[in-house]
>>> print(open('data-v1.cif').read())   # mmCIF, C-alpha atoms
data_protein
#
loop_
_atom_site.label_atom_id
_atom_site.label_comp_id
_atom_site.auth_asym_id
_atom_site.auth_seq_id
_atom_site.Cartn_x
_atom_site.Cartn_y
_atom_site.Cartn_z
CA MET A 52 56.49 -64.08 -58.15
CA THR A 53 53.96 -66.91 -58.38
CA SER A 54 54.54 -67.66 -54.78
CA SER A 55 54.00 -64.01 -53.88
CA ILE A 56 50.68 -63.85 -55.76
CA ARG A 57 49.59 -67.04 -54.10
CA THR A 58 50.45 -65.62 -50.71
CA GLN A 59 48.54 -62.38 -51.42
CA ALA A 60 45.52 -64.31 -52.68
CA ALA A 61 45.54 -66.44 -49.57
CA LEU A 62 45.66 -63.32 -47.41
CA VAL A 63 42.69 -61.78 -49.26
CA LEU A 64 40.67 -64.97 -48.91
CA SER A 65 41.60 -65.22 -45.29
CA THR A 66 40.48 -61.61 -44.69
CA VAL A 67 37.19 -62.21 -46.51
CA ALA A 68 36.57 -65.33 -44.50
CA LEU A 69 37.28 -63.53 -41.22
CA SER A 70 35.09 -60.60 -42.22
CA SER A 71 32.30 -62.90 -43.22
CA ASN A 72 32.39 -64.63 -39.83
CA GLY A 73 32.37 -61.29 -38.05
CA PHE A 74 29.39 -59.85 -39.96
CA ALA A 75 27.43 -63.04 -39.36
CA GLN A 76 27.07 -62.04 -35.70
CA ILE A 77 25.21 -58.80 -36.37
CA ARG A 78 21.46 -58.73 -35.75
CA MET A 79 18.92 -55.99 -36.47
CA SER A 80 17.60 -56.56 -32.95
CA GLU A 81 20.41 -57.66 -30.72
CA PRO A 82 19.64 -60.16 -27.99
CA ALA A 83 19.79 -59.10 -24.36
CA THR A 84 19.09 -60.52 -20.95
CA VAL A 85 18.20 -58.64 -17.79
CA SER A 86 18.02 -60.41 -14.48
CA GLN A 87 17.24 -59.45 -10.91
CA THR A 88 17.47 -61.49 -7.74
CA VAL A 89 15.06 -60.62 -4.94
CA ASP A 90 15.26 -62.57 -1.68
CA GLY A 91 16.58 -65.63 -3.50
CA THR A 92 14.14 -65.50 -6.40
CA VAL A 93 15.77 -64.86 -9.77
CA ILE A 94 13.64 -63.06 -12.35
CA THR A 95 15.01 -63.00 -15.88
CA VAL A 96 13.78 -61.39 -19.06
CA ALA A 97 15.45 -62.56 -22.28
CA TYR A 98 14.58 -60.65 -25.42
CA SER A 99 15.78 -59.20 -28.65
CA ARG A 100 15.89 -55.41 -28.76
CA PRO A 101 14.30 -53.77 -31.79
CA GLN A 102 15.22 -50.18 -32.57
CA LEU A 103 12.99 -47.43 -33.93
CA ARG A 104 15.21 -46.60 -36.92
CA GLY A 105 12.84 -43.80 -37.90
CA ARG A 106 9.67 -45.87 -37.76
CA PRO A 107 6.43 -44.27 -36.50
CA VAL A 108 6.29 -44.43 -32.74
CA GLY A 109 2.51 -44.23 -32.29
CA ALA A 110 -0.29 -46.72 -32.53
CA ASP A 111 0.20 -49.17 -35.37
CA GLY A 112 3.73 -47.99 -35.78
CA VAL A 113 6.02 -49.98 -33.55
CA ILE A 114 3.09 -50.44 -31.17
CA HIS A 115 0.99 -52.98 -32.99
CA ILE A 116 -2.74 -52.48 -32.87
CA GLU A 117 -5.32 -55.21 -33.06
CA HIS A 118 -2.95 -58.14 -33.24
CA MET A 119 -0.86 -59.97 -30.74
CA TRP A 120 2.87 -59.18 -30.59
CA THR A 121 5.82 -59.87 -28.37
CA PRO A 122 7.66 -56.92 -26.85
CA GLY A 123 10.89 -57.78 -28.59
CA ALA A 124 11.91 -59.32 -31.88
CA ASN A 125 12.92 -62.65 -33.40
CA TRP A 126 12.04 -65.28 -30.80
CA ALA A 127 9.39 -64.22 -28.32
CA THR A 128 10.50 -62.37 -25.22
CA THR A 129 10.62 -64.69 -22.23
CA LEU A 130 10.01 -64.09 -18.57
CA GLU A 131 11.55 -66.63 -16.23
CA ALA A 132 11.13 -66.94 -12.48
CA SER A 133 13.19 -69.38 -10.42
CA LYS A 134 10.47 -69.52 -7.75
CA PRO A 135 6.77 -68.63 -7.69
CA ILE A 136 6.02 -64.91 -8.03
CA THR A 137 3.03 -62.69 -8.40
CA LEU A 138 2.90 -60.48 -11.46
CA ASN A 139 0.64 -57.46 -11.03
CA GLY A 140 -1.10 -59.45 -8.31
CA HIS A 141 -1.49 -62.64 -10.39
CA LYS A 142 0.17 -65.83 -9.21
CA VAL A 143 2.77 -67.25 -11.58
CA ALA A 144 4.47 -70.58 -10.91
CA ALA A 145 8.23 -70.91 -11.25
CA GLY A 146 9.11 -71.43 -14.91
CA LYS A 147 9.86 -69.79 -18.23
CA TYR A 148 7.10 -68.19 -20.26
CA SER A 149 6.81 -66.27 -23.48
CA LEU A 150 5.42 -62.77 -23.10
CA TRP A 151 2.82 -61.33 -25.44
CA LEU A 152 0.81 -58.13 -25.76
CA GLU A 153 -2.55 -57.31 -27.25
CA THR A 154 -3.01 -53.60 -27.71
CA THR A 155 -5.81 -51.40 -28.88
CA GLU A 156 -5.87 -47.61 -28.85
CA GLN A 157 -7.11 -47.68 -25.26
CA ASP A 158 -6.53 -51.09 -23.72
CA TRP A 159 -3.49 -53.25 -23.29
CA THR A 160 -3.55 -56.90 -22.29
CA VAL A 161 -0.53 -58.88 -21.22
CA HIS A 162 -0.41 -62.61 -21.91
CA LEU A 163 1.92 -65.25 -20.54
CA ASN A 164 2.19 -68.40 -22.59
CA PRO A 165 3.58 -71.62 -21.11
CA GLU A 166 5.59 -72.30 -24.29
CA PRO A 167 8.71 -70.12 -24.09
CA ARG A 168 10.19 -70.92 -27.50
CA LEU A 169 7.90 -69.26 -30.02
CA PHE A 170 8.83 -67.15 -33.01
CA HIS A 171 7.48 -63.63 -32.92
CA THR A 172 5.39 -64.04 -36.08
CA LEU A 173 3.65 -67.12 -34.68
CA ALA A 174 1.62 -65.64 -31.86
CA PRO A 175 -0.14 -68.34 -29.86
CA LYS A 176 -3.90 -68.59 -29.64
CA PRO A 177 -5.49 -66.71 -26.74
CA SER A 178 -6.94 -70.00 -25.50
CA THR A 179 -3.43 -71.35 -24.86
CA MET A 180 -2.43 -68.54 -22.53
CA LEU A 181 -1.54 -69.34 -18.95
CA LEU A 182 -2.40 -65.88 -17.72
CA SER A 183 -3.89 -62.73 -19.20
CA PHE A 184 -4.40 -59.42 -17.46
CA PRO A 185 -4.89 -55.78 -18.41
CA VAL A 186 -2.24 -53.12 -17.92
CA THR A 187 -2.31 -49.37 -18.24
CA PRO A 188 0.60 -48.01 -20.23
CA GLU A 189 2.15 -44.68 -19.36
CA HIS A 190 3.14 -42.27 -22.09
CA VAL A 191 6.29 -40.18 -22.22
CA ALA A 192 7.22 -37.25 -24.46
CA GLU A 193 10.59 -38.45 -25.68
CA PRO A 194 10.68 -41.74 -27.60
CA LEU A 195 13.17 -44.39 -26.52
CA GLU A 196 15.14 -45.68 -29.49
CA VAL A 197 15.77 -49.23 -28.25
CA LEU A 198 13.14 -51.44 -26.64
CA THR A 199 14.27 -51.88 -23.07
CA PHE A 200 13.37 -53.99 -20.06
CA ASP A 201 14.84 -53.01 -16.71
CA PHE A 202 14.23 -53.16 -12.97
CA PRO A 203 14.11 -49.53 -11.80
CA GLU A 204 12.93 -50.51 -8.31
CA VAL A 205 14.00 -53.39 -6.08
CA ARG A 206 12.26 -53.98 -2.77
CA GLN A 207 12.83 -56.55 -0.05
CA ASP A 208 9.77 -58.43 -1.21
CA GLY A 209 9.71 -57.73 -4.91
CA ALA A 210 10.66 -55.44 -7.73
CA THR A 211 9.24 -53.40 -10.56
CA LEU A 212 9.95 -54.71 -14.02
CA ARG A 213 9.60 -51.99 -16.63
CA LEU A 214 9.08 -52.22 -20.37
CA ARG A 215 9.96 -49.10 -22.33
CA TRP A 216 9.45 -48.83 -26.06
CA ALA A 217 9.04 -45.71 -28.18
CA LYS A 218 6.82 -43.39 -26.11
CA VAL A 219 5.27 -46.07 -23.93
CA VAL A 220 6.23 -47.32 -20.48
CA VAL A 221 4.60 -50.36 -18.89
CA PRO A 222 5.53 -51.14 -15.27
CA PHE A 223 4.93 -54.61 -13.85
CA LYS A 224 4.80 -55.13 -10.10
CA ILE A 225 6.49 -58.36 -9.11
CA ASP A 226 6.25 -59.83 -5.62
CA VAL A 227 8.34 -62.78 -4.49
CA GLU A 228 7.76 -65.34 -1.79
CA PRO A 229 9.80 -64.69 1.34
CA SER A 230 12.74 -67.06 1.64
CA ARG A 231 12.47 -66.99 5.39
CA LYS A 232 10.04 -69.54 6.68
CA THR A 233 8.35 -68.49 9.87
CA VAL A 234 9.04 -71.02 12.58
CA ALA A 235 7.55 -70.05 15.90
CA MET A 236 9.99 -70.64 18.70
CA THR A 237 8.67 -71.60 22.12
CA GLU A 238 9.75 -69.94 25.35
CA GLN A 239 11.43 -73.19 26.31
CA GLN A 240 13.44 -73.27 23.08
CA ALA A 241 14.43 -69.63 23.45
CA ALA A 242 15.27 -69.78 27.16
CA PRO A 243 18.99 -70.74 26.79
CA TYR A 244 19.67 -67.60 24.76
CA ILE A 245 17.47 -64.97 26.40
CA GLY A 246 19.10 -62.37 28.58
CA SER A 247 21.69 -59.61 28.70
CA TRP A 248 24.82 -59.72 26.57
CA THR A 249 27.71 -57.55 25.49
CA ILE A 250 28.24 -57.48 21.72
CA GLN A 251 30.81 -56.14 19.27
CA MET A 252 30.97 -56.46 15.51
CA TYR A 253 32.78 -55.28 12.43
CA ASP A 254 30.90 -53.16 9.96
CA GLU A 255 31.23 -53.52 6.18
CA LEU A 256 34.36 -51.32 6.24
CA MET A 257 35.91 -53.62 8.86
CA ARG A 258 35.64 -51.00 11.58
CA LYS A 259 35.17 -52.51 15.00
CA SER A 260 32.15 -51.24 16.88
CA PRO A 261 32.37 -50.21 20.51
CA GLU A 262 31.10 -52.71 23.06
CA MET A 263 27.33 -52.50 23.12
CA LYS A 264 24.71 -53.86 25.43
CA LEU A 265 22.61 -56.53 23.75
CA GLU A 266 19.32 -57.85 25.01
CA ILE A 267 18.20 -61.14 23.46
CA LEU A 268 14.50 -61.74 23.82
CA LEU A 269 11.66 -63.78 22.38
CA ALA A 270 9.20 -61.69 20.38
CA ASN A 271 6.39 -63.03 18.20
CA GLY A 272 7.95 -66.48 18.18
CA ALA A 273 11.38 -65.30 17.03
CA LEU A 274 14.66 -64.84 18.83
CA LYS A 275 15.58 -61.19 18.51
CA GLY A 276 18.31 -58.92 19.74
CA VAL A 277 18.26 -55.23 20.57
CA MET A 278 21.40 -53.19 21.06
CA ASP A 279 21.82 -50.06 23.08
CA GLY A 280 24.36 -48.27 20.96
CA PRO A 281 24.96 -46.39 17.77
CA MET A 282 23.73 -49.11 15.42
CA PRO A 283 20.12 -48.33 14.51
CA PHE A 284 18.90 -51.83 13.85
CA ALA A 285 17.63 -54.87 15.69
CA LEU A 286 18.82 -58.41 15.11
CA GLU A 287 16.88 -61.55 14.43
CA PHE A 288 18.41 -64.98 14.88
CA ILE A 289 17.12 -67.35 12.21
CA PRO A 290 17.69 -70.99 13.17
CA GLN A 291 19.21 -73.22 10.48
CA PRO A 292 18.37 -76.86 9.77
CA ASP A 293 21.68 -78.09 11.22
CA GLY A 294 20.33 -77.15 14.67
CA LYS A 295 23.62 -75.43 15.48
CA THR A 296 23.97 -72.29 13.41
CA TRP A 297 21.83 -69.20 12.93
CA PHE A 298 21.63 -66.60 10.22
CA LEU A 299 21.67 -63.10 11.57
CA ALA A 300 19.10 -60.75 10.08
CA PHE A 301 19.30 -56.99 10.41
CA VAL A 302 15.95 -55.34 11.01
CA MET A 303 15.03 -51.69 10.60
CA ASN A 304 11.58 -50.20 10.91
CA GLY A 305 10.25 -53.66 11.56
CA LYS A 306 11.52 -54.96 8.20
CA VAL A 307 14.38 -57.33 7.50
CA MET A 308 16.95 -55.30 5.56
CA ASP A 309 19.66 -57.89 5.19
CA VAL A 310 20.38 -61.49 6.12
CA GLU A 311 24.00 -62.52 6.53
CA HIS A 312 23.98 -65.88 4.74
CA ASN A 313 27.73 -66.18 4.27
CA ALA A 314 28.79 -66.15 7.87
CA PRO A 315 26.29 -67.75 10.25
CA VAL A 316 26.58 -67.29 13.99
CA GLU A 317 26.88 -69.96 16.65
CA PHE A 318 26.23 -70.01 20.37
CA GLU A 319 28.44 -71.79 22.87
CA LEU A 320 26.36 -73.46 25.53
CA LYS A 321 27.47 -74.28 29.04
CA ASP A 322 25.15 -76.37 31.20
CA GLY A 323 22.37 -75.75 28.70
CA ARG A 324 22.81 -71.98 28.77
CA ALA A 325 24.35 -69.92 25.99
CA VAL A 326 27.38 -68.02 27.27
CA ARG A 327 29.10 -66.89 24.09
CA MET A 328 28.04 -66.11 20.55
CA PHE A 329 30.25 -65.54 17.53
CA GLY A 330 29.87 -65.14 13.79
CA ARG A 331 32.00 -67.44 11.67
CA PRO A 332 34.82 -65.57 9.86
CA VAL A 333 33.96 -64.46 6.35
CA LYS A 334 36.26 -66.37 4.01
CA GLY A 335 38.66 -64.11 2.15
CA LEU A 336 37.81 -61.16 4.34
CA SER A 337 39.06 -61.92 7.79
CA ASP A 338 40.19 -64.78 10.00
CA GLU A 339 38.34 -63.31 12.96
CA PRO A 340 34.68 -63.63 13.82
CA TRP A 341 32.74 -60.70 12.37
CA VAL A 342 30.50 -60.51 15.41
CA TRP A 343 30.96 -61.77 18.93
CA ALA A 344 29.04 -61.49 22.18
CA THR A 345 29.35 -62.70 25.74
CA ARG A 346 26.64 -63.07 28.31
CA ARG A 347 26.70 -60.44 31.00
CA PRO A 348 26.77 -61.57 34.62
CA MET B 10 7.19 -36.77 20.10
CA ARG B 11 10.02 -38.69 18.48
CA ARG B 12 9.81 -41.31 15.82
CA LYS B 13 11.16 -44.61 17.04
CA ILE B 14 14.01 -46.20 15.16
CA LEU B 15 12.70 -49.70 14.90
CA GLY B 16 9.00 -49.24 14.23
CA PRO B 17 6.35 -46.88 12.98
CA LYS B 18 4.76 -45.78 16.26
CA PRO B 19 6.13 -42.73 18.08
CA HIS B 20 7.19 -42.72 21.70
CA PRO B 21 6.33 -39.71 23.87
CA GLU B 22 8.94 -37.36 25.21
CA PRO B 23 9.19 -37.52 29.01
CA ARG B 24 7.52 -34.50 30.54
CA PRO B 25 10.05 -32.27 32.33
CA GLY B 26 9.85 -32.70 36.08
CA ILE B 27 7.61 -35.75 35.86
CA THR B 28 7.35 -37.70 39.12
CA SER B 29 5.72 -40.91 40.26
CA ALA B 30 3.39 -39.04 42.61
CA LYS B 31 0.32 -40.34 40.78
CA VAL B 32 1.49 -43.95 40.52
CA LEU B 33 -0.89 -46.19 42.42
CA LYS B 34 0.12 -46.62 46.07
CA PRO B 35 1.01 -50.19 47.17
CA GLU B 36 -1.99 -50.44 49.48
CA LEU B 37 -4.34 -49.72 46.58
CA ILE B 38 -2.95 -52.49 44.35
CA ASP B 39 -5.34 -55.45 44.27
CA ASN B 40 -3.11 -57.77 42.28
CA PRO B 41 -0.20 -58.93 44.47
CA ASP B 42 1.74 -60.14 41.41
CA ALA B 43 1.85 -56.57 40.12
CA ARG B 44 3.18 -54.91 43.26
CA GLU B 45 6.84 -55.40 42.40
CA VAL B 46 6.62 -53.86 38.95
CA TYR B 47 4.70 -50.90 40.41
CA ASP B 48 7.60 -50.42 42.84
CA TRP B 49 10.03 -50.49 39.95
CA VAL B 50 8.07 -48.03 37.85
CA ARG B 51 7.81 -45.74 40.82
CA GLN B 52 11.63 -45.52 40.80
CA ILE B 53 12.02 -44.46 37.16
CA PRO B 54 9.10 -42.18 36.16
CA GLN B 55 11.31 -40.13 33.83
CA ILE B 56 12.05 -43.28 31.80
CA VAL B 57 8.58 -44.84 31.83
CA ASP B 58 7.11 -41.48 30.77
CA GLY B 59 9.18 -41.70 27.57
CA ILE B 60 7.72 -45.03 26.52
CA ARG B 61 4.58 -45.67 24.56
CA CYS B 62 2.36 -48.48 25.80
CA ASN B 63 1.60 -51.08 23.14
CA CYS B 64 -1.46 -52.69 24.74
CA GLY B 65 -3.95 -50.34 23.12
CA CYS B 66 -4.52 -48.03 26.07
CA ALA B 67 -2.65 -45.30 24.20
CA ASP B 68 -5.95 -44.55 22.49
CA LEU B 69 -7.72 -43.79 25.78
CA GLU B 70 -8.51 -40.24 26.80
CA GLY B 71 -5.97 -38.75 29.19
CA TYR B 72 -3.25 -41.18 28.16
CA TYR B 73 0.28 -39.81 27.77
CA SER B 74 2.76 -42.64 28.26
CA LEU B 75 3.31 -46.04 29.85
CA LEU B 76 3.45 -44.16 33.13
CA THR B 77 -0.23 -43.30 32.70
CA CYS B 78 -0.99 -47.03 32.82
CA TYR B 79 0.44 -47.16 36.34
CA GLU B 80 -1.33 -44.05 37.58
CA GLU B 81 -4.58 -44.07 39.50
CA LYS B 82 -7.08 -46.13 37.50
CA GLY B 83 -4.59 -47.13 34.84
CA MET B 84 -4.82 -50.67 33.57
CA ALA B 85 -1.35 -51.92 34.51
CA GLN B 86 -2.66 -53.90 37.47
CA HIS B 87 -4.23 -56.48 35.21
CA CYS B 88 -2.49 -55.99 31.88
CA GLN B 89 0.42 -58.30 31.10
CA ILE B 90 1.69 -55.98 28.38
CA CYS B 91 1.83 -52.91 30.63
CA GLN B 92 3.57 -54.98 33.28
CA GLY B 93 5.97 -56.62 30.83
CA GLN B 94 6.99 -53.28 29.38
CA GLY B 95 7.51 -51.88 32.89
CA ARG B 96 9.68 -54.85 33.88
CA LEU B 97 11.79 -54.69 30.74
CA ALA B 98 12.25 -50.92 31.06
CA TYR B 99 13.33 -51.23 34.68
CA ARG B 100 15.72 -54.11 34.06
CA LEU B 101 17.42 -52.42 31.13
CA HIS B 102 17.60 -49.11 32.97
CA GLN B 103 19.31 -50.88 35.86
CA GLN B 104 21.88 -52.14 33.37
CA GLY B 105 22.57 -48.61 32.18
CA TRP B 106 20.59 -48.63 28.93
CA THR B 107 19.68 -45.29 27.40
CA LEU B 108 16.05 -44.32 26.95
CA ASN B 109 16.40 -44.82 23.19
CA GLY B 110 17.78 -48.30 23.68
CA ILE B 111 14.97 -49.17 26.05
CA ARG B 112 12.42 -47.85 23.57
CA ASN B 113 13.91 -50.01 20.85
CA ALA B 114 13.82 -53.09 23.05
CA ILE B 115 10.18 -52.38 23.91
CA ASP B 116 9.39 -51.97 20.21
CA VAL B 117 11.01 -55.29 19.30
CA LYS B 118 9.41 -57.19 22.14
CA TYR B 119 5.96 -55.61 22.15
CA GLY B 120 5.66 -53.75 18.84
CA ASP B 121 3.40 -54.94 16.06
#
>>> encode(input="data-v1.cif", output="C-alpha cells")
Amino acid sequence: MTSSIRTQAALVLSTVALSSNGFAQIRMSEPATVSQTVDGTVITVAYSRPQLRGRPVGADGVIHIEHMWTPGANWATTLEASKPITLNGHKVAAGKYSLWLETTEQDWTVHLNPEPRLFHTLAPKPSTMLLSFPVTPEHVAEPLEVLTFDFPEVRQDGATLRLRWAKVVVPFKIDVEPSRKTVAMTEQQAAPYIGSWTIQMYDELMRKSPEMKLEILLANGALKGVMDGPMPFALEFIPQPDGKTWFLAFVMNGKVMDVEHNAPVEFELKDGRAVRMFGRPVKGLSDEPWVWATRRP
Amino acid sequence: MRRKILGPKPHPEPRPGITSAKVLKPELIDNPDAREVYDWVRQIPQIVDGIRCNCGCADLEGYYSLLTCYEEKGMAQHCQICQGQGRLAYRLHQQGWTLNGIRNAIDVKYGD
C-alpha cells in the first residue's frame, strides 16, 4: 500500500513537472522567422508575432502613435541581409539590424538601427539610427489578427517585403546586387566557341528535346547561344574562375530567368577550337549530361 | 507585327509577294565590302523583310524592315549593323533556320 501511494505520488509529480516544462514554452507573441533568397542574397526577418486579442486596431491601439515601436514584440524585430541591398531605394550594407517605426496619424518613418539585440521597450535614440526613411502605409478593411511579415513578390533582382498588422499594410521594395559580374569577353576569347552547333537537352521532367540548331555568338561582351527550335529562350555562357567550366543561364525577354549552378557545362577543344559541349550530370538525377552539343560542319 | 520572343521590340511581318526588285543594284554600290551581303539579301527578301533593323533606321520615314535598309538610298552600304544583320540572316537561312529562329538570333546579337 505504501509503495503504491509512493508510486502514485511520483507519477503525479512527474506529470506536473512535464506539464510545467511544456507550458514554459508558450509565449503571448510567438517568435517567427521569414527568409527569402534572391540571386544569392538571403534576406531574413526575425520577429515575435503579437496578436490583436480584441485590442483596438486604429491609431494608438496596436499602432502606436507618437512614440517609437518595433513591429513585433519582445526583442526588436530584426532585418538581416547576407549581402548589400537597397531598401526602398536606400543602400543598406550586409548585416543584421533592428527595425523600428515612428508613426503619427499621417506619417510613418522606418528606422534601421545597427544594434540588432534591443528589447522592444528600449527604443534607441533617433540619433543612433543607421537609416531613416518615410513610408506610406496602405489600409485594408479587414484587420489581420497576427502581425505578419512575408514576401508576396519575388523578382530576379529583388523582392517585396510586406508588413501586415491590424488594418495596415506596409510594403518595402528590396533590390539585391546581381551575383553575376559582368566580364566583357573579347572577340579573340570568344572565337573558339562561336559558330553553328547542334544541341539537345533534358528539360526539368527529364524529357529529351529534339535536336536543335544552336548558334553561339558574341553579343555585348558575352558568349550567347540562340536555338532554332521549340525552346523559347536564349542561352548565356558565364565563364567560371577555373577557366574550364561555364554556368549556363537561360534568358527570356532579355532577362536572365535561371542560372544552372549545379551542373556547369564544359567545352572540348580540338586544335584550339571547341568541337563539343556538354553539361555535367546532375548528381542524384542522372548519370548522363543534361545538355550536349556538337559543332556543325 | 509580332512580338519577338527574346526582346521587347517587334519584328515586322514579311509583306506577301515581297521581292528584291528595289534592292540596290551591284553597279550602284559604292562600298565594295558591302557587295556580297547585298547579293545575299537579294536572294532572301521574304526573310529579310521579316526582320527589324536595330541600327535606329527603323524610326525613319518609309522604313518597313531590314530589307528597306538595302533598298535604293537605304543605309546598309555604310552601316555595320545593317550588314551584320543581313549576313547573320543569310547564314542561318542557309542552314535551314526558321524566320523566328533568325529573329531571335538577331535580337540576341543586335538587340539592346
>>> residues_around(input="data-v1.cif", residues="B:Cys91", least_positions_apart="3", cutoff="8 Å", atoms="only C-alpha atoms", output="list in words")
Cys62, Asn63, Cys64, Leu75, Cys78, Met84, Ala85, Cys88, Gln94 and Gly95 of chain B
>>> resolve_selection(input="data-v1.cif", expression="the PyMOL selection byres ((chain A and resi 331-333) around 9)", output="number ranges by chain")
A: 313-317, 329-330, 334-342
>>> resolve_selection(input="data-v1.cif", expression="the PyMOL selection byres ((chain A and resi 191) around 9)", output="mmCIF file with C-alpha atoms, keeping the file's coordinate frame")
data_model
loop_
_atom_site.group_PDB
_atom_site.id
_atom_site.type_symbol
_atom_site.label_atom_id
_atom_site.label_comp_id
_atom_site.auth_asym_id
_atom_site.auth_seq_id
_atom_site.Cartn_x
_atom_site.Cartn_y
_atom_site.Cartn_z
ATOM 1 C CA GLU A 189 2.150 -44.680 -19.360
ATOM 2 C CA HIS A 190 3.140 -42.270 -22.090
ATOM 3 C CA ALA A 192 7.220 -37.250 -24.460
ATOM 4 C CA GLU A 193 10.590 -38.450 -25.680
ATOM 5 C CA PRO A 194 10.680 -41.740 -27.600
ATOM 6 C CA ALA A 217 9.040 -45.710 -28.180
ATOM 7 C CA LYS A 218 6.820 -43.390 -26.110
ATOM 8 C CA VAL A 219 5.270 -46.070 -23.930
ATOM 9 C CA VAL A 220 6.230 -47.320 -20.480
#
>>> residues_near_point(input="data-v1.cif", point="(9.2, -57.5, 15.3)", cutoff="7 Å", atoms="only C-alpha atoms", output="VMD selection string")
(chain A and resid 270 to 271 305) or (chain B and resid 117 to 118 120 to 121)
>>> resolve_selection(input="data-v1.cif", expression="the PyMOL selection byres ((chain A and resi 237) around 10)", output="MDAnalysis selection string")
chainID A and resid 234:236 238:242 269 271:274
>>> axis_aligned_box(input="data-v1.cif", around="stretch 111-124 of chain A", padding_each_side="3 Å", output="JSON")
{"center_x": 3.3, "center_y": -54.0, "center_z": -31.3, "size_x": 23.2, "size_y": 18.0, "size_z": 14.9}
>>> residues_around(input="data-v1.cif", residues="B:Gln52", least_positions_apart="5", cutoff="12 Å", atoms="only C-alpha atoms", output="ChimeraX atom specification")
/B:27-30,32,45-47,57-58,76,95-96,98-100,102-103
>>> closest_residue(input="data-v1.cif", among="B:Arg24, B:Lys34, B:Arg44, B:Arg61", to="B:Tyr119", atoms="only C-alpha atoms")
B:Arg61
>>> interface_residues(input="data-v1.cif", of="chain A", to="chain B", cutoff="10 Å", atoms="all atoms listed in the file", output="PDB file with C-alpha atoms, keeping the file's coordinate frame")
ATOM      1  CA  SER A 247      21.690 -59.610  28.700  1.00  0.00           C
ATOM      2  CA  MET A 263      27.330 -52.500  23.120  1.00  0.00           C
ATOM      3  CA  LYS A 264      24.710 -53.860  25.430  1.00  0.00           C
ATOM      4  CA  LEU A 265      22.610 -56.530  23.750  1.00  0.00           C
ATOM      5  CA  GLU A 266      19.320 -57.850  25.010  1.00  0.00           C
ATOM      6  CA  ILE A 267      18.200 -61.140  23.460  1.00  0.00           C
ATOM      7  CA  LEU A 268      14.500 -61.740  23.820  1.00  0.00           C
ATOM      8  CA  LEU A 269      11.660 -63.780  22.380  1.00  0.00           C
ATOM      9  CA  ALA A 270       9.200 -61.690  20.380  1.00  0.00           C
ATOM     10  CA  ASN A 271       6.390 -63.030  18.200  1.00  0.00           C
ATOM     11  CA  ALA A 273      11.380 -65.300  17.030  1.00  0.00           C
ATOM     12  CA  LEU A 274      14.660 -64.840  18.830  1.00  0.00           C
ATOM     13  CA  LYS A 275      15.580 -61.190  18.510  1.00  0.00           C
ATOM     14  CA  GLY A 276      18.310 -58.920  19.740  1.00  0.00           C
ATOM     15  CA  VAL A 277      18.260 -55.230  20.570  1.00  0.00           C
ATOM     16  CA  MET A 278      21.400 -53.190  21.060  1.00  0.00           C
ATOM     17  CA  ASP A 279      21.820 -50.060  23.080  1.00  0.00           C
ATOM     18  CA  GLY A 280      24.360 -48.270  20.960  1.00  0.00           C
ATOM     19  CA  PRO A 281      24.960 -46.390  17.770  1.00  0.00           C
ATOM     20  CA  PRO A 283      20.120 -48.330  14.510  1.00  0.00           C
ATOM     21  CA  PHE A 284      18.900 -51.830  13.850  1.00  0.00           C
ATOM     22  CA  ALA A 285      17.630 -54.870  15.690  1.00  0.00           C
ATOM     23  CA  LEU A 286      18.820 -58.410  15.110  1.00  0.00           C
ATOM     24  CA  GLU A 287      16.880 -61.550  14.430  1.00  0.00           C
ATOM     25  CA  VAL A 302      15.950 -55.340  11.010  1.00  0.00           C
ATOM     26  CA  MET A 303      15.030 -51.690  10.600  1.00  0.00           C
ATOM     27  CA  ASN A 304      11.580 -50.200  10.910  1.00  0.00           C
ATOM     28  CA  GLY A 305      10.250 -53.660  11.560  1.00  0.00           C
ATOM     29  CA  LYS A 306      11.520 -54.960   8.200  1.00  0.00           C
ATOM     30  CA  ARG A 347      26.700 -60.440  31.000  1.00  0.00           C
TER      31      ARG A 347
END
>>> atom_distance(input="data-v1.cif", atom1="atom CA of A:Pro177", atom2="atom CA of A:Lys147")
17.8 Å
>>> residues_around(input="data-v1.cif", residues="A:Thr199", least_positions_apart="4", cutoff="9 Å", atoms="only C-alpha atoms", output="ChimeraX atom specification")
/A:100-101,123,195,213-216
